[in-house]
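K.L.:
Mind having a look at this structure? Questions to follow.
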Amino acid sequence: MISVKEAKSIIRRKIFSLDAEAVQLNNAIDRILLEDIVANFPSPRFNNSAMDGFAVRSSDTIGASKNNTITLKNIGISSAGSPSQLKLNQGECIQCMTGAKIPAGSDAVVMVEHTSGFSDNSTVEIMIETQPDMHIRKKGEEIQKGDILISKGTRITPSEIGICATFGYGQLEVSKKPKIAIFGTGNELVEPGKDIKEGEIYNSNLYVLSDLVAKAGGSVVMKDVLKDNKEHLNLFLSEAMRSCDLVISSGGVSMGRFDYVRDVFLDLGVEEHFWKVAQKPGRPLFFGTGDKTLIFGLPGNPVSSYIGFMVWVWPVLNEMMGSIRIKSFKAELTEPFPSEKIKYRYLFGKAWVEDGKVLCKPSKKIGSHMLTSSLNVNCVLGSEPSDRQLNPGDSIDVNLLPWETMK
Ligand code: AMP
Ligand code: MG
């Protein structure tokens with residue numbers, strides 16, 4: 001049995017990066033960017049109007065008011081997409097719409113509400129005095145040409161899509177999605193929706209694992225529930241190791257008489273790096289490598305399998321895709337936490353902010369077979385081995401479930 005720290009450093013040495021691929025912008029959501037997105041032009045690109053109104057020379061409007069209007073000559077229109085080529089001389093104005101280029105010679109925009117209005121008339125009454133730069137969005141005021149807008153390693157959300165579109169990127173270099181095989185094993189497993197007999201249980205792990213893979217940005221390309229039967233396991237696994245970047249199993253990797261998964265991994269030439277880790281839940285954790293495949297054998301208990309994925313597999317997927325690492329943080333316990341003497345202890349929990357402090361508490365259900373402990377939580381709490389249980393007021397590591405927020 002090795003420590004969590006040792007196991008993590010072994011895994012880190014075996015992680016490989018996935019290649020990049022180009023995807024169209026509208027297929028890029030949730031992917032990991034593998035290039036810096038740089039502004040190829042300033043934003044705004046050109047001085048433009050923030051309002052529908054009249055582009056003027058501010059000096060022509062001095063003293064203008066409702067009771068003392070100033071008459072300007074209306075010489076044309078500048079609209080979004082159709083900039084006016086005219087140059088404004090003293091005493092002239094141009095009808096100028098939101099987003100339209102500010103015509104040469106103009107230094108301010110008067111809102112149409114403060115004028116006699118848009119028309120084809122040759123003159124316009126200006127009813128307000130304006131200052132230089134009024135209602136003008138200045139070239140480069142938001143972003144300079146050459147600025148890095150989004151860094152490599154960022155997960156693409158609607159904000160990133162919006163920025164890439166704003167700066168004209170039609171396709172993006174992103175990490176390929178890791179191809180993943182997941183399988184569960186156990187003669188007792190029955191699919192939800194089917195009738196169940198004495199001694200059987202419903203397969204829940206593969207449903208959880210499939211969703212976790214999708215949330216982490218991977219794609220499940222092989223999935224099956226297998227009997228505790230070496231031949232079936234062998235068939236599935238040999239194909240999975242040929243075609244996948246990662247294989248994740250749940251169950252059949254402990255000390256039971258019918259736990260064949262490790263034997264089959266070894267029969268197929270998987271190099272075993274470790275099999276047992278000083279952690280609870282999930283001590284019988286297998287990690288090995290094939291020619292070009294990482295292999296995780298998670299134990300079958302539903303909490304071990306779920307927490308095992310979050311602690312061991314999720315960070316690996318992130319790293320393979322070049323994603324910026326999510327850090328854990330410390331919070332103060334409001335309830336006792338059952339630390340273990342020689343094992344790292346993980347439990348689902350809840351973290352929240354109260355009176356400026358980050359507080360947390362573990363789930364009340366602590367058995368590794370109790371999947372209800374994953375309801376109404378937002379994090380996995382983790383404690384180093386300790387001679388004593390942690391008490392309210394003690395600090396503990398919080399790993400926020402990446403799709404959750406503090407609550
Ligand atoms: P094992 O790791 O195969 O010894 O399984 C440990 C426990 O997890 C047993 O009680 C199994 O019935 C249960 N288990 C194994 N696989 C699954 C699964 N896919 N869904 C739900 N429970 C499972
Ligand atoms: Mg089993």
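FYI, nothing fancy with the structure tokens labels: chains A, B, ... in order, residues from 1 per chain, ligands from 1 as they appear.
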How would you report the residues lying within 10 Å of ligand 2, as a list in words, if you count only C-alpha atoms and all ligand atoms?

P.N.:
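If we count only C-alpha atoms and all ligand atoms, the neighbours of ligand 2 turn out to be Gly184, Thr185, Gly186, Asn187, Glu188, Leu189, Lys227, Asp228, Ser250, Gly251, Gly252, Val253, Ser254, Met255, Gly256, Arg257, Phe258, Asp259, Tyr260, Val261, Pro299, Gly300 and Asn301 of chain A.
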
K.L.:
Please produce, as CSV, a per-residue contact table for stretch 188-282 of chain A versus stretch 371-375 of chain A (criterion: any atom at most 12 Å away, only C-alpha atoms considered), showing the nearest atom pair and its distance in Å to one decimal, sorted by chain then residue number.

P.N.:
residue,atom,partner,partner_atom,distance
A:Ser204,CA,A:Leu371,CA,9.2
A:Asn205,CA,A:Leu371,CA,9.8
A:Val208,CA,A:Leu371,CA,10.4

K.L.:
Can you write out the residues you just picked, keeping N, CA and C atoms, as a compact mmCIF listing (two decimals), in the first residue's frame?

P.N.:
# COMPACT_ATOMS: atom_id res chain seq x y z
N SER A 204 -25.26 1.32 -10.78
CA SER A 204 -25.32 2.79 -10.77
C SER A 204 -23.99 3.39 -11.21
N ASN A 205 -22.90 2.67 -10.98
CA ASN A 205 -21.58 3.27 -11.20
C ASN A 205 -21.35 3.73 -12.63
N VAL A 208 -22.94 7.04 -13.29
CA VAL A 208 -22.19 8.14 -12.68
C VAL A 208 -20.90 8.39 -13.49

K.L.:
For A:Thr130, which residue out of A:Val174, A:Ala80, A:Val56, A:Ala104 is the nearest one, using only C-alpha atoms?

P.N.:
A:Val56

K.L.:
Using only C-alpha atoms and all ligand atoms, pick whichever of A:Ser383, A:Ser84, A:Ser304, A:Ser363 has the shortest atom-to-atom distance to ligand 1.

P.N.:
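Checking each of A:Ser383, A:Ser84, A:Ser304, A:Ser363 against ligand 1, counting only C-alpha atoms and all ligand atoms, the winner is A:Ser304.
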
K.L.:
Could you give me, as number ranges by chain, the residues within 12 Å of stretch 91-103 of chain A, counting only C-alpha atoms and dropping anything in the same chain fewer than 5 positions from it?

P.N.:
A: 44-62, 70-86, 108-112, 115-126, 133-139

K.L.:
Hey, can you spit out that residue selection with C-alpha atoms as a tab-separated table (two decimals), in the first residue's frame?

P.N.:
chain	number	residue	atom	x	y	z
A	44	PRO	CA	-13.26	49.06	-30.76
A	45	ARG	CA	-11.65	48.83	-34.19
A	46	PHE	CA	-12.56	52.46	-34.97
A	47	ASN	CA	-14.10	55.43	-33.20
A	48	ASN	CA	-17.85	54.84	-33.33
A	49	SER	CA	-21.05	56.22	-31.93
A	50	ALA	CA	-22.51	54.93	-28.65
A	51	MET	CA	-25.90	56.49	-29.46
A	52	ASP	CA	-28.27	57.18	-32.31
A	53	GLY	CA	-27.79	60.89	-32.92
A	54	PHE	CA	-25.75	63.50	-34.74
A	55	ALA	CA	-22.00	63.60	-35.12
A	56	VAL	CA	-20.96	67.22	-34.50
A	57	ARG	CA	-18.00	69.39	-33.71
A	58	SER	CA	-18.43	70.00	-29.98
A	59	SER	CA	-17.21	73.59	-30.40
A	60	ASP	CA	-20.28	74.25	-32.63
A	61	THR	CA	-22.66	73.39	-29.77
A	62	ILE	CA	-21.37	75.77	-27.09
A	70	ILE	CA	-28.21	76.02	-32.48
A	71	THR	CA	-28.84	75.26	-36.13
A	72	LEU	CA	-26.38	72.96	-37.93
A	73	LYS	CA	-26.30	71.94	-41.57
A	74	ASN	CA	-27.32	68.25	-42.02
A	75	ILE	CA	-24.92	66.92	-44.64
A	76	GLY	CA	-25.41	63.12	-44.61
A	77	ILE	CA	-25.75	59.82	-42.77
A	78	SER	CA	-23.23	57.44	-41.20
A	79	SER	CA	-24.79	54.12	-40.23
A	80	ALA	CA	-23.38	50.88	-38.81
A	81	GLY	CA	-21.72	49.11	-41.74
A	82	SER	CA	-21.99	52.15	-44.05
A	83	PRO	CA	-19.57	54.80	-42.83
A	84	SER	CA	-19.90	58.30	-44.26
A	85	GLN	CA	-16.87	59.43	-46.25
A	86	LEU	CA	-17.75	63.09	-45.68
A	108	ALA	CA	-18.82	64.29	-30.29
A	109	VAL	CA	-22.30	62.85	-30.77
A	110	VAL	CA	-25.52	64.54	-29.70
A	111	MET	CA	-28.32	62.07	-28.86
A	112	VAL	CA	-31.24	62.37	-31.28
A	115	THR	CA	-32.23	67.50	-31.40
A	116	SER	CA	-35.13	68.29	-33.73
A	117	GLY	CA	-34.80	64.64	-34.92
A	118	PHE	CA	-33.72	62.62	-37.93
A	119	SER	CA	-35.07	63.86	-41.29
A	120	ASP	CA	-34.05	64.69	-44.81
A	121	ASN	CA	-34.19	68.39	-43.90
A	122	SER	CA	-31.11	70.37	-44.71
A	123	THR	CA	-30.82	71.68	-41.13
A	124	VAL	CA	-31.07	70.30	-37.58
A	125	GLU	CA	-31.73	72.08	-34.29
A	126	ILE	CA	-29.29	71.10	-31.51
A	133	ASP	CA	-15.62	62.68	-26.91
A	134	MET	CA	-19.25	62.66	-25.71
A	135	HIS	CA	-21.01	59.40	-26.74
A	136	ILE	CA	-17.97	58.24	-28.71
A	137	ARG	CA	-16.58	54.73	-28.19
A	138	LYS	CA	-12.88	55.28	-28.76
A	139	LYS	CA	-10.69	53.03	-30.87

K.L.:
Write out as JSON, numbers by chain which residues come within 8 Å of stretch 338-352 of chain A when counting only C-alpha atoms, dropping same-chain ones fewer than 6 positions away.

P.N.:
{"A": [3, 4, 278, 279, 280, 281, 307, 331, 358, 359, 360, 361, 362, 363, 366, 373, 374, 376, 377, 378, 379, 380, 381, 382, 383, 384, 385, 386, 387, 388, 389, 390, 398, 406, 407]}
